[in-house]
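Okay, work-v4.tsv now, which holds TSV, C-alpha atoms:
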chain	number	residue	atom	x	y	z
W	239	MET	CA	59.20	-0.93	-23.89
W	240	ALA	CA	62.62	0.11	-22.71
W	241	GLY	CA	63.70	-2.02	-19.74
W	242	ILE	CA	60.50	-4.03	-19.09
W	243	LYS	CA	61.15	-7.56	-20.31
W	244	GLY	CA	58.06	-9.33	-19.05
W	245	ALA	CA	55.54	-9.78	-16.25
W	246	VAL	CA	55.24	-12.15	-13.31
W	247	SER	CA	51.73	-13.05	-12.17
W	248	LEU	CA	51.19	-14.34	-8.63
W	249	ARG	CA	48.10	-15.88	-7.10
W	250	ILE	CA	48.27	-15.29	-3.37
W	251	GLN	CA	45.90	-16.25	-0.58
W	252	PHE	CA	45.42	-14.24	2.60
W	253	HIS	CA	45.33	-16.27	5.82
W	254	TRP	CA	43.01	-13.91	7.73
W	255	GLY	CA	43.32	-10.63	5.84
W	256	TYR	CA	45.85	-7.82	6.03
W	257	SER	CA	46.81	-4.62	7.80
W	258	VAL	CA	48.46	-1.74	5.95
W	259	LYS	CA	48.34	1.36	8.11
W	260	GLU	CA	48.02	4.82	6.66
W	261	PRO	CA	51.14	6.93	7.28
W	262	ILE	CA	51.43	10.03	9.47
W	263	PHE	CA	48.82	8.93	12.04
W	264	THR	CA	50.05	8.40	15.61
W	265	ALA	CA	47.35	7.83	18.24
W	266	SER	CA	44.91	6.24	15.80
W	267	GLN	CA	46.16	4.00	12.98
W	268	PRO	CA	43.48	3.49	10.34
W	269	PRO	CA	44.18	0.99	7.54
W	270	PHE	CA	44.11	1.30	3.79
W	271	ARG	CA	41.12	-0.70	2.61
W	272	ILE	CA	43.21	-2.07	-0.25
W	273	PRO	CA	47.01	-2.34	-0.29
W	274	PRO	CA	49.08	0.44	-1.89
W	275	GLN	CA	51.46	-0.56	-4.66
W	276	SER	CA	54.42	0.20	-2.38
W	277	THR	CA	53.24	-2.56	-0.02
W	278	LEU	CA	53.53	-5.11	-2.83
W	279	ILE	CA	57.00	-3.84	-3.72
W	280	GLY	CA	57.92	-4.36	-0.06
W	281	ALA	CA	56.41	-7.84	-0.06
W	282	LEU	CA	58.72	-8.86	-2.91
W	283	SER	CA	61.73	-7.12	-1.36
W	284	TYR	CA	61.79	-9.57	1.55
W	285	PRO	CA	62.52	-12.79	-0.40
W	286	ILE	CA	65.00	-10.91	-2.59
W	287	SER	CA	66.95	-9.38	0.29
W	288	VAL	CA	67.12	-12.47	2.51
W	289	ARG	CA	68.70	-14.50	-0.32
W	290	LYS	CA	71.14	-11.83	-1.45
W	291	ARG	CA	71.33	-8.52	0.34
W	292	PRO	CA	71.48	-5.77	-2.31
W	293	GLU	CA	73.77	-2.76	-2.18
W	294	ILE	CA	71.88	0.27	-0.86
W	295	GLU	CA	74.57	2.93	-0.53
W	296	GLY	CA	72.95	6.31	-0.01
W	297	GLU	CA	69.48	4.78	0.11
W	298	VAL	CA	67.33	4.05	3.12
W	299	SER	CA	65.29	1.03	2.05
W	300	GLU	CA	66.16	-2.12	0.15
W	301	ALA	CA	62.74	-1.82	-1.46
W	302	ILE	CA	64.06	0.87	-3.80
W	303	GLN	CA	66.18	-1.81	-5.47
W	304	THR	CA	63.06	-3.90	-5.99
W	305	LEU	CA	61.28	-0.89	-7.46
W	306	LYS	CA	64.14	-0.45	-9.93
W	307	LEU	CA	63.82	-4.12	-10.82
W	308	CYS	CA	60.00	-3.94	-11.03
W	309	PRO	CA	58.99	-0.40	-12.08
W	310	TRP	CA	55.28	-1.22	-11.95
W	311	VAL	CA	52.98	-3.53	-10.01
W	312	THR	CA	49.23	-3.93	-10.11
W	313	TYR	CA	46.62	-6.37	-8.79
W	314	ARG	CA	43.02	-7.49	-8.61
W	315	PHE	CA	40.93	-9.43	-6.10
W	316	LEU	CA	39.91	-12.82	-7.49
W	317	ASP	CA	37.09	-13.96	-5.21
W	318	ALA	CA	36.21	-11.04	-2.94
W	319	ASP	CA	34.33	-7.82	-3.65
W	320	PRO	CA	36.80	-5.13	-2.45
W	321	SER	CA	33.91	-2.73	-1.87
W	322	GLN	CA	32.56	-5.13	0.78
W	323	LEU	CA	35.74	-5.87	2.74
W	324	ILE	CA	35.35	-5.80	6.53
W	325	GLU	CA	37.36	-3.14	8.36
W	326	THR	CA	37.94	-3.37	12.11
W	327	MET	CA	39.95	-1.45	14.69
W	328	ASP	CA	41.62	-3.63	17.32
W	329	ILE	CA	42.42	-1.99	20.66
W	330	ASN	CA	46.07	-2.51	21.61
W	331	ARG	CA	48.31	-1.65	24.56
W	332	VAL	CA	51.45	-0.08	23.10
W	333	SER	CA	54.68	1.42	24.35
W	334	LEU	CA	54.85	5.22	24.15
W	335	SER	CA	58.54	5.44	24.98
W	336	LEU	CA	59.88	4.99	21.44
W	337	GLY	CA	61.68	8.12	20.31
W	338	VAL	CA	61.48	9.78	23.74
W	339	ARG	CA	64.72	10.83	25.40
W	340	SER	CA	65.47	9.06	28.66
W	341	GLU	CA	65.34	12.29	30.69
W	342	HIS	CA	61.77	12.85	29.51
W	343	LEU	CA	60.46	9.38	30.30
W	344	ASN	CA	57.69	9.22	32.88
W	345	PRO	CA	56.85	5.79	34.38
W	346	ARG	CA	53.19	6.84	34.49
W	347	THR	CA	53.01	7.39	30.72
W	348	LEU	CA	55.10	4.53	29.31
W	349	TRP	CA	52.04	2.80	27.93
W	350	GLY	CA	48.97	3.87	26.01
W	351	ILE	CA	45.99	2.62	24.06
W	352	GLN	CA	45.89	2.69	20.26
W	353	PRO	CA	43.32	1.38	17.80
W	354	HIS	CA	45.06	-0.50	14.95
W	355	GLY	CA	43.12	-0.99	11.73
W	356	LYS	CA	42.77	-4.35	9.95
W	357	ILE	CA	40.95	-5.66	6.90
W	358	TYR	CA	39.43	-9.11	7.35
W	359	ALA	CA	39.35	-11.24	4.21
W	360	PRO	CA	40.04	-14.83	5.32
W	361	SER	CA	41.14	-17.17	2.53
W	362	SER	CA	40.55	-14.48	-0.10
W	363	GLU	CA	42.79	-14.55	-3.16
W	364	MET	CA	44.48	-11.80	-5.13
W	365	GLU	CA	46.38	-11.76	-8.40
W	366	VAL	CA	49.47	-9.56	-8.27
W	367	VAL	CA	51.33	-8.71	-11.47
W	368	TYR	CA	54.90	-7.36	-11.41
W	369	PHE	CA	56.26	-5.75	-14.60
W	370	THR	CA	59.97	-6.36	-14.43
W	371	ARG	CA	63.37	-6.20	-16.10
W	372	ASP	CA	64.18	-9.78	-15.05
W	373	PRO	CA	61.08	-12.02	-15.17
W	374	ASP	CA	62.86	-15.29	-14.43
W	375	PHE	CA	64.62	-13.92	-11.33
W	376	VAL	CA	61.44	-12.30	-9.99
W	377	GLY	CA	59.44	-15.44	-10.73
W	378	GLU	CA	61.87	-17.51	-8.67
W	379	ARG	CA	61.99	-15.11	-5.72
W	380	ALA	CA	58.24	-14.48	-5.69
W	381	TRP	CA	57.63	-17.91	-4.15
W	382	GLY	CA	59.24	-16.52	-0.99
W	383	ILE	CA	56.63	-13.82	-0.34
W	384	VAL	CA	55.16	-14.48	3.11
W	385	ARG	CA	53.23	-11.31	3.98
W	386	VAL	CA	51.45	-8.31	2.47
W	387	GLY	CA	51.48	-5.48	4.99
W	388	THR	CA	52.49	-5.94	8.61
W	389	LYS	CA	54.40	-9.04	9.72
W	390	GLU	CA	51.12	-10.56	10.93
W	391	SER	CA	49.51	-10.19	7.47
W	392	LEU	CA	50.50	-13.65	6.29
W	393	VAL	CA	49.88	-14.93	2.78
W	394	SER	CA	50.51	-18.10	0.84
W	395	VAL	CA	51.78	-17.96	-2.74
W	396	GLU	CA	49.63	-20.48	-4.59
W	397	GLU	CA	50.86	-19.98	-8.15
W	398	VAL	CA	53.57	-18.07	-10.04
W	399	GLU	CA	53.54	-17.59	-13.80
W	400	VAL	CA	56.13	-15.76	-15.92
W	401	ARG	CA	54.45	-14.04	-18.86
W	402	GLU	CA	55.56	-12.25	-21.99
W	403	VAL	CA	54.22	-8.74	-22.59
W	404	SER	CA	53.77	-6.76	-25.79
W	405	PRO	CA	52.46	-3.29	-26.68
W	406	VAL	CA	48.92	-2.89	-27.98
W	407	ASP	CA	48.12	-0.39	-30.72
W	408	SER	CA	44.69	0.66	-29.52
W	409	GLU	CA	43.04	3.71	-28.03
W	410	GLU	CA	40.66	1.60	-25.92
W	411	ILE	CA	41.25	-1.51	-23.84
W	412	GLU	CA	39.46	-3.53	-21.16
W	413	ILE	CA	41.24	-3.69	-17.82
W	414	LEU	CA	40.88	-5.94	-14.77
W	415	HIS	CA	43.62	-4.52	-12.54
W	416	LEU	CA	44.32	-1.43	-10.44
W	417	THR	CA	45.04	1.53	-12.75
W	418	PRO	CA	45.77	5.23	-12.11
W	419	LEU	CA	42.69	7.28	-12.93
W	420	ASP	CA	44.65	10.17	-14.44
W	421	ILE	CA	46.10	8.10	-17.32
W	422	VAL	CA	42.74	6.90	-18.68
W	423	THR	CA	39.36	8.43	-19.47
W	424	SER	CA	35.74	7.35	-19.90
W	425	PRO	CA	35.77	4.21	-17.74
W	426	TYR	CA	32.76	2.00	-18.48
W	427	GLY	CA	31.86	-0.88	-16.20
W	428	SER	CA	31.73	-1.70	-12.51
W	429	TYR	CA	34.63	-0.26	-10.51
W	430	MET	CA	35.73	1.55	-7.36
W	431	ILE	CA	37.67	4.80	-7.13
W	432	VAL	CA	40.30	4.52	-4.38
W	433	ARG	CA	42.84	6.99	-3.00
W	434	LEU	CA	46.33	5.59	-2.48
W	435	PRO	CA	49.90	6.88	-2.20
W	436	GLU	CA	51.60	7.31	-5.55
W	437	LEU	CA	54.31	4.75	-6.34
W	438	ARG	CA	57.49	6.84	-6.40
W	439	PRO	CA	61.16	6.08	-5.64
W	440	GLU	CA	61.40	9.27	-3.57
W	441	TRP	CA	59.47	7.58	-0.74
W	442	TYR	CA	62.52	5.44	-0.06
W	443	GLU	CA	64.81	8.42	0.54
W	444	LEU	CA	65.28	10.04	3.94
W	445	ARG	CA	64.13	13.64	3.65
W	446	LEU	CA	62.58	15.79	6.33
W	447	GLY	CA	59.39	17.67	5.65
W	448	ARG	CA	58.25	15.45	2.77
W	449	GLY	CA	54.51	14.94	2.57
W	450	ILE	CA	52.63	12.01	1.08
W	451	ASP	CA	51.35	12.44	-2.47
W	452	TYR	CA	48.10	10.60	-3.05
W	453	LYS	CA	46.35	9.92	-6.32
W	454	ARG	CA	43.13	8.25	-7.39
W	455	TYR	CA	43.01	4.78	-8.91
W	456	ILE	CA	40.40	2.66	-10.65
W	457	LEU	CA	39.94	-0.77	-9.08
W	458	PRO	CA	37.73	-2.79	-11.44
W	459	LEU	CA	35.10	-5.06	-9.92
W	460	ASN	CA	34.85	-6.75	-13.33
W	461	SER	CA	36.09	-5.90	-16.80
W	462	VAL	CA	36.17	-2.10	-17.33
W	463	ARG	CA	36.61	-0.47	-20.73
W	464	VAL	CA	38.78	2.65	-20.70
W	465	SER	CA	40.20	5.09	-23.24
W	466	LEU	CA	43.91	5.78	-23.00
W	467	LYS	CA	44.97	9.30	-22.06
W	468	ASP	CA	48.59	9.37	-20.90
W	469	ALA	CA	49.10	5.63	-20.95
W	470	VAL	CA	50.72	2.78	-22.86
W	471	ALA	CA	48.64	-0.34	-23.37
W	472	LEU	CA	50.29	-3.72	-22.82
W	473	ARG	CA	48.96	-7.25	-23.24
W	474	ASP	CA	50.41	-10.28	-21.50
W	475	SER	CA	50.59	-13.83	-22.83
W	476	ALA	CA	47.45	-14.73	-20.83
W	477	GLY	CA	45.47	-12.17	-22.85
W	478	ASN	CA	45.04	-9.56	-20.10
W	479	HIS	CA	45.38	-5.86	-20.93
W	480	TYR	CA	47.02	-3.20	-18.78
W	481	ALA	CA	47.38	0.58	-18.89
W	482	LEU	CA	50.76	1.77	-17.60
W	483	PRO	CA	51.88	5.41	-17.24
W	484	ARG	CA	53.53	6.58	-20.45
W	485	GLY	CA	56.36	8.27	-18.56
W	486	LEU	CA	57.10	5.05	-16.69
W	487	ILE	CA	57.59	3.10	-19.90
W	488	GLY	CA	59.86	5.79	-21.25
W	489	ASN	CA	62.02	5.78	-18.12
W	490	ALA	CA	61.99	2.05	-17.29
Give the structure from this file in structure tokens form.
Amino acid sequence: MAGIKGAVSLRIQFHWGYSVKEPIFTASQPPFRIPPQSTLIGALSYPISVRKRPEIEGEVSEAIQTLKLCPWVTYRFLDADPSQLIETMDINRVSLSLGVRSEHLNPRTLWGIQPHGKIYAPSSEMEVVYFTRDPDFVGERAWGIVRVGTKESLVSVEEVEVREVSPVDSEEIEILHLTPLDIVTSPYGSYMIVRLPELRPEWYELRLGRGIDYKRYILPLNSVRVSLKDAVALRDSAGNHYALPRGLIGNA
């Protein structure tokens, strides 16, 4: 399995819910109904960076170091049906002067109204699983996660468990966690298909003109049987099965 040495499972509880805004939008800021994988990489980056600031020469975000440490992350909701989550748009008064040159500022247009999207899921719990090169280090730092999404999207880490992982020699497995749709076939069970940004290190580089690459994921609502297509099957010491991109395992 190349560089992946184990997995760290977290049980987190949302205080009121979360807000992860879709990129590119300006006037309106709709939320992702479920968090992208990059949001969970960012959530772990905070407790890592505040304890020991990593070297980021030539890179824009400290999160890219966390992505190198944890090449894959997935999750599942434990006590909430993600298809029934409540989405709202709060009306906010915001400054419109950011990024505007001083000679172009107009006192009449310094402020504007923007709807900001939020997902309400008070006290709901989620299991997050990081596949990592250093399980003990990640397991220690994971207790310091305080938010998933914006700074107001507070969470409590209720439990952290370091798990061993091993490959599974099977063409079919049953999954419980978020999985890219293009690496499996013939899903059987109750699930959602969601559209999220692909987890890629390029997002943490500063390049002009780069668009956002989205892909479709399966989010199981209960156990879903799938056939492997371009995936490697792993099993953790708790007995859960996962399908990870084959190329990721080869490059980890």
Closest of W:Asp317, W:Asp451, W:Glu402, W:Glu378 to Glu365 (chain W) - atom-to-atom distances counting all atoms listed in the file | W:Asp317
Find, counting only C-alpha atoms, the residue in W:Trp441, W:Tyr452, W:Trp254, W:Tyr368 that gets nearest to Tyr313 (chain W).
->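 Answer, going by the shortest atom-to-atom distance: W:Tyr368.
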May I ask which of the residues W:Arg249, W:His342, W:Arg331, W:Lys467 is the closest one to Ser408 (chain W), counting all atoms listed in the file?
->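 Looking only at the distances to Ser408 (chain W), the closest residue turns out to be W:Lys467.
Shortest separation to Asp474 (chain W) among W:Leu348, W:Val258, W:Leu459, W:Val403 occurs at residue W:Val403, atoms counted being only C-alpha atoms.
Among the candidate residues W:Val246, W:Val393, W:Ile456, W:Ile450, the one lying nearest to Arg438 (chain W) is W:Ile450, with distances computed using only C-alpha atoms.
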CA of Tyr256 (chain W) to CA of Thr370 (chain W), straight-line distance in Å = 24.9 Å
